[in-house]
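As provided, data-v5.txt (compact mmCIF, C-alpha atoms) reads as follows.
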```txt
# COMPACT_ATOMS: atom_id res chain seq x y z
CA MET A 1 0.00 0.00 0.00
CA THR A 2 1.43 3.40 -0.92
CA ALA A 3 0.88 7.02 -0.02
CA GLU A 4 -0.82 7.50 -3.40
CA LEU A 5 -3.83 5.72 -1.92
CA ARG A 6 -4.21 8.79 0.35
CA GLY A 7 -3.93 6.61 3.42
CA THR A 8 -7.36 5.04 3.13
CA LEU A 9 -8.01 1.64 4.69
CA ALA A 10 -11.71 1.10 4.01
CA PRO A 11 -13.69 0.76 7.26
CA HIS A 12 -15.31 -2.59 7.86
CA PRO A 13 -19.11 -2.81 8.17
CA ALA A 14 -20.61 -1.34 11.36
CA ASN A 15 -21.27 -4.85 12.69
CA GLY A 16 -18.09 -5.90 14.48
CA THR A 17 -16.52 -2.44 14.44
CA ALA A 18 -15.63 -0.93 17.81
CA ALA A 19 -14.57 2.43 16.39
CA ALA A 20 -13.95 4.00 13.00
CA VAL A 21 -12.73 7.24 11.49
CA THR A 22 -13.65 8.27 7.95
CA ASP A 23 -11.89 10.93 5.84
CA LEU A 24 -10.49 12.43 9.03
CA SER A 25 -8.49 15.65 8.65
CA LYS A 26 -6.78 17.77 11.28
CA THR A 27 -4.50 20.79 10.94
CA TYR A 28 -2.63 22.96 13.41
CA GLY A 29 -1.77 26.60 12.91
CA GLY A 30 -2.25 28.67 9.78
CA GLY A 31 -0.39 30.33 6.96
CA GLU A 32 3.29 29.43 6.80
CA THR A 33 3.07 27.64 10.15
CA ARG A 34 0.16 25.43 9.09
CA VAL A 35 0.80 21.74 9.79
CA VAL A 36 -1.37 18.96 8.38
CA ALA A 37 -1.51 16.35 11.14
CA LEU A 38 -4.11 14.08 9.50
CA ASP A 39 -4.94 14.03 5.79
CA GLN A 40 -8.23 12.26 4.98
CA VAL A 41 -7.52 9.20 7.11
CA SER A 42 -10.03 6.33 7.14
CA ILE A 43 -9.64 3.23 9.29
CA ALA A 44 -11.77 0.88 11.37
CA PHE A 45 -10.80 -0.80 14.62
CA ARG A 46 -12.46 -4.19 14.74
CA GLU A 47 -13.97 -5.64 17.90
CA GLY A 48 -11.76 -8.10 19.73
CA GLU A 49 -8.58 -6.99 17.95
CA PHE A 50 -5.31 -5.44 19.16
CA THR A 51 -4.11 -2.71 16.78
CA ALA A 52 -0.83 -0.82 17.04
CA ILE A 53 -0.34 2.56 15.35
CA MET A 54 3.21 3.37 14.29
CA GLY A 55 5.15 5.82 12.17
CA PRO A 56 7.94 8.39 12.24
CA SER A 57 7.93 11.14 14.84
CA GLY A 58 5.37 13.79 13.93
CA CYS A 59 3.47 11.54 11.53
CA GLY A 60 0.12 12.08 13.30
CA LYS A 61 -0.26 8.80 15.18
CA SER A 62 -1.04 10.37 18.57
CA THR A 63 -3.34 12.90 16.90
CA LEU A 64 -5.23 10.05 15.23
CA MET A 65 -5.68 8.26 18.54
CA HIS A 66 -6.74 11.40 20.39
CA CYS A 67 -9.33 12.25 17.73
CA ALA A 68 -10.62 8.66 17.61
CA ALA A 69 -10.94 8.64 21.41
CA GLY A 70 -12.81 11.94 21.58
CA LEU A 71 -9.92 13.70 23.31
CA ASP A 72 -9.24 16.15 20.48
CA SER A 73 -11.33 17.94 17.87
CA PHE A 74 -10.95 17.49 14.13
CA ASP A 75 -11.50 19.70 11.10
CA ALA A 76 -13.32 17.35 8.72
CA GLY A 77 -14.52 13.77 8.49
CA SER A 78 -16.23 11.61 11.07
CA VAL A 79 -15.43 9.56 14.17
CA ARG A 80 -17.65 6.78 15.49
CA ILE A 81 -17.54 4.70 18.63
CA GLY A 82 -19.77 1.77 17.71
CA THR A 83 -22.63 3.50 15.90
CA THR A 84 -22.33 6.78 17.83
CA GLU A 85 -21.04 9.70 15.80
CA LEU A 86 -18.83 11.86 18.01
CA GLY A 87 -19.24 14.97 15.90
CA GLY A 88 -22.87 15.26 16.93
CA LEU A 89 -22.24 15.17 20.69
CA ASP A 90 -22.07 18.16 23.00
CA ASP A 91 -19.40 18.39 25.72
CA ARG A 92 -21.53 16.67 28.34
CA GLN A 93 -22.43 13.80 26.06
CA LEU A 94 -18.83 13.43 24.93
CA THR A 95 -17.63 13.31 28.53
CA GLN A 96 -20.20 10.64 29.34
CA LEU A 97 -19.23 8.57 26.31
CA ARG A 98 -15.53 8.68 27.23
CA ARG A 99 -16.36 7.70 30.79
CA ASP A 100 -18.73 4.85 29.97
CA ARG A 101 -17.48 3.38 26.70
CA ILE A 102 -13.77 4.15 26.40
CA GLY A 103 -10.80 3.06 28.49
CA PHE A 104 -7.53 4.99 28.53
CA ILE A 105 -3.95 4.01 29.37
CA PHE A 106 -1.27 6.68 29.14
CA GLN A 107 2.50 6.75 29.41
CA ALA A 108 2.08 8.66 32.67
CA PHE A 109 0.09 6.40 34.97
CA ASN A 110 -2.35 9.18 36.00
CA LEU A 111 -3.19 7.62 39.37
CA LEU A 112 -4.44 9.62 42.34
CA PRO A 113 -1.75 9.35 45.05
CA THR A 114 -4.18 9.49 47.98
CA LEU A 115 -6.28 6.56 46.76
CA THR A 116 -5.48 2.88 47.09
CA ALA A 117 -4.93 0.70 44.06
CA LEU A 118 -8.49 -0.61 44.35
CA GLU A 119 -9.94 2.89 44.67
CA ASN A 120 -7.97 4.02 41.61
CA ILE A 121 -9.20 1.02 39.63
CA THR A 122 -12.84 1.65 40.46
CA LEU A 123 -12.63 5.45 40.23
CA PRO A 124 -14.39 5.71 36.81
CA LEU A 125 -17.30 3.67 38.17
CA THR A 126 -17.41 5.75 41.34
CA ILE A 127 -17.58 8.97 39.32
CA ALA A 128 -20.37 7.47 37.21
CA GLY A 129 -22.28 6.43 40.32
CA ARG A 130 -22.05 2.76 39.38
CA ARG A 131 -21.06 -0.26 41.40
CA ALA A 132 -18.37 -2.58 40.17
CA ASP A 133 -19.39 -6.04 39.00
CA ARG A 134 -17.46 -7.90 41.67
CA GLN A 135 -16.91 -11.02 39.62
CA TRP A 136 -15.59 -9.00 36.69
CA LEU A 137 -13.45 -6.81 38.97
CA ASP A 138 -11.91 -9.87 40.61
CA HIS A 139 -11.20 -11.37 37.20
CA VAL A 140 -9.48 -8.22 35.92
CA VAL A 141 -7.47 -7.76 39.13
CA SER A 142 -6.36 -11.37 39.02
CA MET A 143 -5.38 -11.11 35.35
CA VAL A 144 -3.04 -8.17 35.99
CA GLY A 145 -1.65 -9.73 39.17
CA LEU A 146 -2.79 -7.12 41.68
CA SER A 147 -4.74 -9.25 44.15
CA ARG A 148 -2.16 -8.67 46.91
CA ARG A 149 -1.62 -4.97 46.17
CA LEU A 150 -5.14 -3.54 46.29
CA ASP A 151 -4.61 -1.77 49.64
CA HIS A 152 -1.37 -0.11 48.50
CA ARG A 153 -1.22 3.51 47.37
CA PRO A 154 0.66 4.42 44.17
CA GLY A 155 3.71 5.59 46.11
CA GLN A 156 4.05 2.08 47.53
CA LEU A 157 4.02 0.46 44.07
CA SER A 158 6.67 0.07 41.39
CA GLY A 159 6.19 1.71 38.00
CA GLY A 160 5.12 -1.59 36.49
CA GLN A 161 2.59 -2.16 39.29
CA GLN A 162 1.21 1.35 38.86
CA GLN A 163 0.68 0.72 35.16
CA ARG A 164 -1.06 -2.56 36.02
CA VAL A 165 -3.47 -0.47 38.10
CA ALA A 166 -4.00 1.79 35.07
CA VAL A 167 -4.69 -1.24 32.86
CA ALA A 168 -7.20 -2.63 35.36
CA ARG A 169 -8.86 0.79 35.61
CA ALA A 170 -9.22 0.91 31.82
CA LEU A 171 -10.83 -2.54 31.72
CA VAL A 172 -13.07 -2.49 34.79
CA SER A 173 -15.99 -0.70 33.13
CA ARG A 174 -15.98 -3.13 30.17
CA PRO A 175 -15.44 -0.34 27.63
CA ALA A 176 -16.16 -0.74 23.94
CA ILE A 177 -12.51 0.10 23.23
CA VAL A 178 -9.27 0.81 25.12
CA PHE A 179 -6.80 3.37 23.80
CA GLY A 180 -3.18 3.29 24.94
CA ASP A 181 -0.74 6.14 24.23
CA GLU A 182 2.79 4.72 24.62
CA PRO A 183 1.58 2.70 27.66
CA THR A 184 5.03 1.13 28.24
CA GLY A 185 7.07 4.26 27.56
CA ASN A 186 8.00 4.80 31.23
CA LEU A 187 8.71 1.15 32.02
CA ASP A 188 11.74 -1.11 31.80
CA SER A 189 11.65 -3.96 29.29
CA ARG A 190 10.43 -6.57 31.78
CA ALA A 191 7.59 -4.45 33.19
CA GLY A 192 6.70 -3.31 29.68
CA ALA A 193 6.44 -6.91 28.48
CA GLU A 194 4.10 -7.69 31.38
CA ILE A 195 1.79 -4.79 30.52
CA LEU A 196 1.75 -5.73 26.85
CA GLY A 197 0.99 -9.31 27.79
CA PHE A 198 -1.95 -8.14 29.90
CA LEU A 199 -3.30 -6.08 27.01
CA ARG A 200 -2.95 -9.00 24.61
CA ASP A 201 -4.66 -11.31 27.11
CA SER A 202 -7.52 -8.83 27.52
CA VAL A 203 -8.12 -9.15 23.77
CA ARG A 204 -7.78 -12.93 23.58
CA GLU A 205 -9.49 -13.87 26.84
CA LEU A 206 -11.93 -11.01 27.44
CA GLY A 207 -12.74 -10.00 23.87
CA GLN A 208 -11.51 -6.47 24.51
CA THR A 209 -10.62 -4.10 21.66
CA VAL A 210 -7.27 -2.32 22.12
CA VAL A 211 -5.65 0.43 20.05
CA MET A 212 -2.12 1.40 21.03
CA VAL A 213 0.22 4.12 19.78
CA THR A 214 3.84 3.04 20.07
CA HIS A 215 7.27 3.70 18.61
CA ASP A 216 8.62 0.34 19.80
CA PRO A 217 8.74 -2.58 17.31
CA VAL A 218 8.81 -5.07 20.20
CA ALA A 219 5.61 -3.59 21.62
CA ALA A 220 3.99 -3.64 18.18
CA GLY A 221 4.80 -7.34 17.94
CA TYR A 222 2.15 -8.05 20.60
CA ALA A 223 -0.61 -6.65 18.37
CA ASP A 224 -2.79 -8.48 15.85
CA ARG A 225 -2.05 -5.84 13.24
CA VAL A 226 0.00 -2.69 12.83
CA VAL A 227 -1.02 0.34 10.78
CA PHE A 228 1.66 2.78 9.67
CA LEU A 229 1.31 6.54 9.23
CA ALA A 230 3.56 8.94 7.35
CA ASP A 231 2.90 12.64 6.80
CA GLY A 232 -0.60 12.37 8.21
CA ARG A 233 -1.65 9.51 5.95
CA LEU A 234 -2.09 5.79 6.45
CA VAL A 235 0.43 4.19 4.14
CA ASP A 236 0.71 0.54 5.15
CA GLU A 237 -0.79 -2.24 7.26
CA MET A 238 0.78 -5.40 8.65
CA VAL A 239 -1.15 -8.42 9.94
CA ARG A 240 0.43 -10.79 12.49
CA PRO A 241 3.44 -8.53 12.96
CA THR A 242 6.80 -9.54 14.38
CA PRO A 243 9.33 -7.11 15.87
CA ASP A 244 11.79 -7.78 13.03
CA ARG A 245 9.21 -7.13 10.30
CA VAL A 246 8.04 -3.96 12.03
CA LEU A 247 11.63 -2.75 12.48
CA ASP A 248 12.34 -3.33 8.78
CA ARG A 249 9.27 -1.30 7.86
CA MET A 250 10.30 1.54 10.18
CA LYS A 251 13.80 1.53 8.68
CA ALA A 252 12.19 2.01 5.28
CA PHE A 253 10.53 5.18 6.60
CA ASP A 254 13.91 6.46 7.82
CA THR A 255 15.50 5.74 4.47
CA ARG A 256 12.75 7.56 2.61
CA ALA A 257 13.02 10.55 4.96
CA ARG A 258 16.79 10.84 4.37
CA THR A 259 16.44 10.68 0.58
CA SER A 260 13.46 13.00 0.22
```
Rewrite the coordinates I just gave you, this time as structure tokens.
Amino acid sequence: MTAELRGTLAPHPANGTAAAVTDLSKTYGGGETRVVALDQVSIAFREGEFTAIMGPSGCGKSTLMHCAAGLDSFDAGSVRIGTTELGGLDDRQLTQLRRDRIGFIFQAFNLLPTLTALENITLPLTIAGRRADRQWLDHVVSMVGLSRRLDHRPGQLSGGQQQRVAVARALVSRPAIVFGDEPTGNLDSRAGAEILGFLRDSVRELGQTVVMVTHDPVAAGYADRVVFLADGRLVDEMVRPTPDRVLDRMKAFDTRARTS
């Protein structure tokens, strides 16, 4: 697939699609400082699939994720979570949708230091005025290996344990989709591998849908597919990726950048 295709990966039918963007465009600035972050991007994220988004620095991968997750506005096109069109929602409705149907995992763990691990995990449900499904909560906590750490506050946990809390928090409300922005960026290789394993297991065992932005070929190797961006366009897709194949593809981007 080449850039001449204008970065379009045709969305799959609504049935089985957790989220989709269509002809999505986003620019920053104006005049000589105008930057095209996304240029008519179309892609669907299928239910029960782990997708990694990769590309050179500044290619628009984080912008794509933020727009798809309702965290950032866009200039043209559409964004859907399930069958809900985000462009038609007001701020209150958008906040509710993010709270109830989307899970987030960031590079910074974003835990409240005064709350225990359990309280941080259940915080989205508490804010929504909902009780946790105890069986589901226990299953998620067990999967990420936190059963003996629930009474600990973030300051008493390692970085890897704090990110486990963040993963459990993202999964506890059974969201339609989980977005991760460099979720292993602050972790060592061992802790990062654990987090990636948990995300992969959430897809395979729980049927979760996960979309992750990463620059790391090893991290991308945990995904079911990788989509590649360059200059704000989707230019390639890889199914059943391996770290070596992803690294080779990224090297091709570097080579093109040096010769252009």
Of the residues A:Thr214, A:Ser147, A:Thr27, A:Thr84, which is the one nearest to Gly55 in chain A, using all atoms listed in the file?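 Looking at the shortest contact to Gly55 in chain A, the residue is A:Thr214.
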With distances taken over only C-alpha atoms, the candidate from A:Gln107, A:Ser158, A:Gln208, A:Thr242 nearest Arg225 in chain A is A:Thr242
Fewer than 2 positions away in the same chain doesn't count, so skip those; otherwise give me all residues within 7 Å of Pro175 in chain A, counting only C-alpha atoms, as a PyMOL selection string. chain A and resi 100-103+171+173+177-178
Quick one: residues within 12 Å of Gly88 in chain A, only C-alpha atoms, excluding same-chain residues fewer than 3 positions away - as a VMD selection string? chain A and resid 70 73 77 to 81 83 to 85 91 to 94
Rank nothing, just name the residue among A:Val218, A:Gln163, A:Ala230, A:His66 nearest to Asp244 in chain A, using only C-alpha atoms.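 Among the listed residues, A:Val218 lies closest to Asp244 in chain A.
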Range 189-204 of chain A environment, 7 Å, all atoms listed in the file, sequence neighbours closer than 3 positions dropped, as a PDB file with C-alpha atoms, in the frame of the given file:
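Saved to around.pdb:
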```pdb
ATOM      1  CA  GLY A  48     -11.760  -8.100  19.730  1.00  0.00           C
ATOM      2  CA  GLU A  49      -8.580  -6.990  17.950  1.00  0.00           C
ATOM      3  CA  PHE A  50      -5.310  -5.440  19.160  1.00  0.00           C
ATOM      4  CA  VAL A 144      -3.040  -8.170  35.990  1.00  0.00           C
ATOM      5  CA  GLY A 160       5.120  -1.590  36.490  1.00  0.00           C
ATOM      6  CA  ARG A 164      -1.060  -2.560  36.020  1.00  0.00           C
ATOM      7  CA  THR A 184       5.030   1.130  28.240  1.00  0.00           C
ATOM      8  CA  GLY A 207     -12.740 -10.000  23.870  1.00  0.00           C
ATOM      9  CA  GLN A 208     -11.510  -6.470  24.510  1.00  0.00           C
ATOM     10  CA  THR A 209     -10.620  -4.100  21.660  1.00  0.00           C
ATOM     11  CA  ALA A 219       5.610  -3.590  21.620  1.00  0.00           C
ATOM     12  CA  TYR A 222       2.150  -8.050  20.600  1.00  0.00           C
TER      13      TYR A 222
END
```
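Of the listed residues A:Glu119, A:Asp248, A:Asp224, A:Asp231, the one whose atoms come nearest to Pro154 in chain A is A:Glu119, with distances taken using all atoms listed in the file.
Counting only C-alpha atoms and comparing A:Val239, A:Ala117, A:Val41, A:Leu97, the residue that lies closest to Gly155 in chain A is A:Ala117.
The spacing separating CA of Cys59 in chain A from CA of Arg233 in chain A amounts to 7.8 Å.
Among the candidates A:Leu234, A:Glu182, A:Met143, A:Leu150, the one nearest to Glu205 in chain A when counting all atoms listed in the file is A:Met143.
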Residues within 9 Å of Leu137 in chain A, all atoms listed in the file, excluding chain neighbours under 4 positions, as a count of residues only: 10
Computed interatomic separation between CA of Phe179 in chain A and CA of Thr116 in chain A (Å):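 So the two atoms, CA of Phe179 in chain A and CA of Thr116 in chain A, lie 23.3 Å apart.
Note that the spacing between CA of Arg34 in chain A and CA of Lys251 in chain A amounts to 27.5 Å.
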Hey, can I get the axis-aligned box for range 124-136 of chain A? All listed atoms, 6 Å padding on each side, centre and edge lengths in Å to one decimal, as JSON.
```
{"center_x": -18.3, "center_y": -1.0, "center_z": 39.2, "size_x": 19.9, "size_y": 32.0, "size_z": 17.0}
```
Non-local contacts of Gly232 in chain A (8 Å; all atoms listed in the file; under 4 positions in same chain excluded) as a compact mmCIF listing (two decimals) with C-alpha atoms, in the coordinates of the input:
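The result, written out as out-v9.txt:
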```
# COMPACT_ATOMS: atom_id res chain seq x y z
CA VAL A 36 -1.37 18.96 8.38
CA ALA A 37 -1.51 16.35 11.14
CA LEU A 38 -4.11 14.08 9.50
CA ASP A 39 -4.94 14.03 5.79
CA VAL A 41 -7.52 9.20 7.11
CA CYS A 59 3.47 11.54 11.53
CA GLY A 60 0.12 12.08 13.30
CA LYS A 61 -0.26 8.80 15.18
```
Reconstructed all heavy atoms for range 120-131 of chain A, given as a PDB file, in the frame of the given file:
```pdb
ATOM      1  N   ASN A 120      -8.335   3.486  42.916  1.00  0.00           N
ATOM      2  CA  ASN A 120      -7.970   4.020  41.610  1.00  0.00           C
ATOM      3  C   ASN A 120      -8.593   3.210  40.488  1.00  0.00           C
ATOM      4  O   ASN A 120      -9.061   3.763  39.482  1.00  0.00           O
ATOM      5  CB  ASN A 120      -6.441   4.034  41.459  1.00  0.00           C
ATOM      6  CG  ASN A 120      -5.808   5.340  41.911  1.00  0.00           C
ATOM      7  OD1 ASN A 120      -5.917   6.365  41.253  1.00  0.00           O
ATOM      8  ND2 ASN A 120      -5.149   5.294  43.069  1.00  0.00           N
ATOM      9  N   ILE A 121      -8.614   1.892  40.651  1.00  0.00           N
ATOM     10  CA  ILE A 121      -9.200   1.020  39.630  1.00  0.00           C
ATOM     11  C   ILE A 121     -10.681   1.312  39.439  1.00  0.00           C
ATOM     12  O   ILE A 121     -11.181   1.384  38.316  1.00  0.00           O
ATOM     13  CB  ILE A 121      -8.983  -0.457  39.996  1.00  0.00           C
ATOM     14  CG1 ILE A 121      -7.495  -0.815  39.883  1.00  0.00           C
ATOM     15  CG2 ILE A 121      -9.818  -1.377  39.103  1.00  0.00           C
ATOM     16  CD1 ILE A 121      -7.153  -2.170  40.469  1.00  0.00           C
ATOM     17  N   THR A 122     -11.387   1.477  40.524  1.00  0.00           N
ATOM     18  CA  THR A 122     -12.840   1.650  40.460  1.00  0.00           C
ATOM     19  C   THR A 122     -13.269   3.112  40.348  1.00  0.00           C
ATOM     20  O   THR A 122     -14.468   3.399  40.308  1.00  0.00           O
ATOM     21  CB  THR A 122     -13.517   1.033  41.696  1.00  0.00           C
ATOM     22  OG1 THR A 122     -12.994   1.644  42.887  1.00  0.00           O
ATOM     23  CG2 THR A 122     -13.265  -0.475  41.751  1.00  0.00           C
ATOM     24  N   LEU A 123     -12.306   4.027  40.256  1.00  0.00           N
ATOM     25  CA  LEU A 123     -12.630   5.450  40.230  1.00  0.00           C
ATOM     26  C   LEU A 123     -13.600   5.821  39.102  1.00  0.00           C
ATOM     27  O   LEU A 123     -14.558   6.581  39.344  1.00  0.00           O
ATOM     28  CB  LEU A 123     -11.352   6.284  40.119  1.00  0.00           C
ATOM     29  CG  LEU A 123     -11.533   7.803  40.156  1.00  0.00           C
ATOM     30  CD1 LEU A 123     -12.188   8.234  41.479  1.00  0.00           C
ATOM     31  CD2 LEU A 123     -10.184   8.505  39.978  1.00  0.00           C
ATOM     32  N   PRO A 124     -13.421   5.345  37.860  1.00  0.00           N
ATOM     33  CA  PRO A 124     -14.390   5.710  36.810  1.00  0.00           C
ATOM     34  C   PRO A 124     -15.817   5.288  37.155  1.00  0.00           C
ATOM     35  O   PRO A 124     -16.777   6.015  36.857  1.00  0.00           O
ATOM     36  CB  PRO A 124     -13.872   4.960  35.580  1.00  0.00           C
ATOM     37  CG  PRO A 124     -12.421   4.737  35.844  1.00  0.00           C
ATOM     38  CD  PRO A 124     -12.322   4.518  37.319  1.00  0.00           C
ATOM     39  N   LEU A 125     -15.964   4.119  37.775  1.00  0.00           N
ATOM     40  CA  LEU A 125     -17.300   3.670  38.170  1.00  0.00           C
ATOM     41  C   LEU A 125     -17.849   4.524  39.296  1.00  0.00           C
ATOM     42  O   LEU A 125     -19.043   4.856  39.320  1.00  0.00           O
ATOM     43  CB  LEU A 125     -17.235   2.201  38.604  1.00  0.00           C
ATOM     44  CG  LEU A 125     -16.803   1.199  37.537  1.00  0.00           C
ATOM     45  CD1 LEU A 125     -16.685  -0.194  38.138  1.00  0.00           C
ATOM     46  CD2 LEU A 125     -17.791   1.198  36.379  1.00  0.00           C
ATOM     47  N   THR A 126     -16.974   4.900  40.231  1.00  0.00           N
ATOM     48  CA  THR A 126     -17.410   5.750  41.340  1.00  0.00           C
ATOM     49  C   THR A 126     -17.915   7.088  40.831  1.00  0.00           C
ATOM     50  O   THR A 126     -18.964   7.589  41.265  1.00  0.00           O
ATOM     51  CB  THR A 126     -16.237   5.972  42.322  1.00  0.00           C
ATOM     52  OG1 THR A 126     -15.776   4.714  42.807  1.00  0.00           O
ATOM     53  CG2 THR A 126     -16.671   6.843  43.495  1.00  0.00           C
ATOM     54  N   ILE A 127     -17.177   7.681  39.896  1.00  0.00           N
ATOM     55  CA  ILE A 127     -17.580   8.970  39.320  1.00  0.00           C
ATOM     56  C   ILE A 127     -18.915   8.840  38.600  1.00  0.00           C
ATOM     57  O   ILE A 127     -19.762   9.742  38.647  1.00  0.00           O
ATOM     58  CB  ILE A 127     -16.490   9.482  38.361  1.00  0.00           C
ATOM     59  CG1 ILE A 127     -15.223   9.834  39.146  1.00  0.00           C
ATOM     60  CG2 ILE A 127     -16.985  10.692  37.577  1.00  0.00           C
ATOM     61  CD1 ILE A 127     -14.044  10.192  38.277  1.00  0.00           C
ATOM     62  N   ALA A 128     -19.125   7.698  37.956  1.00  0.00           N
ATOM     63  CA  ALA A 128     -20.370   7.470  37.210  1.00  0.00           C
ATOM     64  C   ALA A 128     -21.516   7.060  38.108  1.00  0.00           C
ATOM     65  O   ALA A 128     -22.646   6.906  37.629  1.00  0.00           O
ATOM     66  CB  ALA A 128     -20.137   6.406  36.144  1.00  0.00           C
ATOM     67  N   GLY A 129     -21.232   6.861  39.398  1.00  0.00           N
ATOM     68  CA  GLY A 129     -22.280   6.430  40.320  1.00  0.00           C
ATOM     69  C   GLY A 129     -22.698   4.992  40.116  1.00  0.00           C
ATOM     70  O   GLY A 129     -23.846   4.619  40.393  1.00  0.00           O
ATOM     71  N   ARG A 130     -21.765   4.159  39.639  1.00  0.00           N
ATOM     72  CA  ARG A 130     -22.050   2.760  39.380  1.00  0.00           C
ATOM     73  C   ARG A 130     -21.236   1.874  40.298  1.00  0.00           C
ATOM     74  O   ARG A 130     -20.133   2.224  40.706  1.00  0.00           O
ATOM     75  CB  ARG A 130     -21.728   2.405  37.914  1.00  0.00           C
ATOM     76  CG  ARG A 130     -22.588   3.114  36.904  1.00  0.00           C
ATOM     77  CD  ARG A 130     -21.950   3.114  35.524  1.00  0.00           C
ATOM     78  NE  ARG A 130     -21.516   1.781  35.105  1.00  0.00           N
ATOM     79  CZ  ARG A 130     -20.677   1.558  34.098  1.00  0.00           C
ATOM     80  NH1 ARG A 130     -20.173   2.584  33.420  1.00  0.00           N
ATOM     81  NH2 ARG A 130     -20.337   0.330  33.765  1.00  0.00           N
ATOM     82  N   ARG A 131     -21.787   0.724  40.613  1.00  0.00           N
ATOM     83  CA  ARG A 131     -21.060  -0.260  41.400  1.00  0.00           C
ATOM     84  C   ARG A 131     -20.308  -1.212  40.486  1.00  0.00           C
ATOM     85  O   ARG A 131     -20.780  -1.550  39.403  1.00  0.00           O
ATOM     86  CB  ARG A 131     -22.025  -1.064  42.285  1.00  0.00           C
ATOM     87  CG  ARG A 131     -22.612  -0.278  43.442  1.00  0.00           C
ATOM     88  CD  ARG A 131     -23.387  -1.211  44.358  1.00  0.00           C
ATOM     89  NE  ARG A 131     -23.895  -0.545  45.534  1.00  0.00           N
ATOM     90  CZ  ARG A 131     -24.548  -1.148  46.519  1.00  0.00           C
ATOM     91  NH1 ARG A 131     -24.787  -2.459  46.445  1.00  0.00           N
ATOM     92  NH2 ARG A 131     -24.971  -0.461  47.564  1.00  0.00           N
TER      93      ARG A 131
END
```
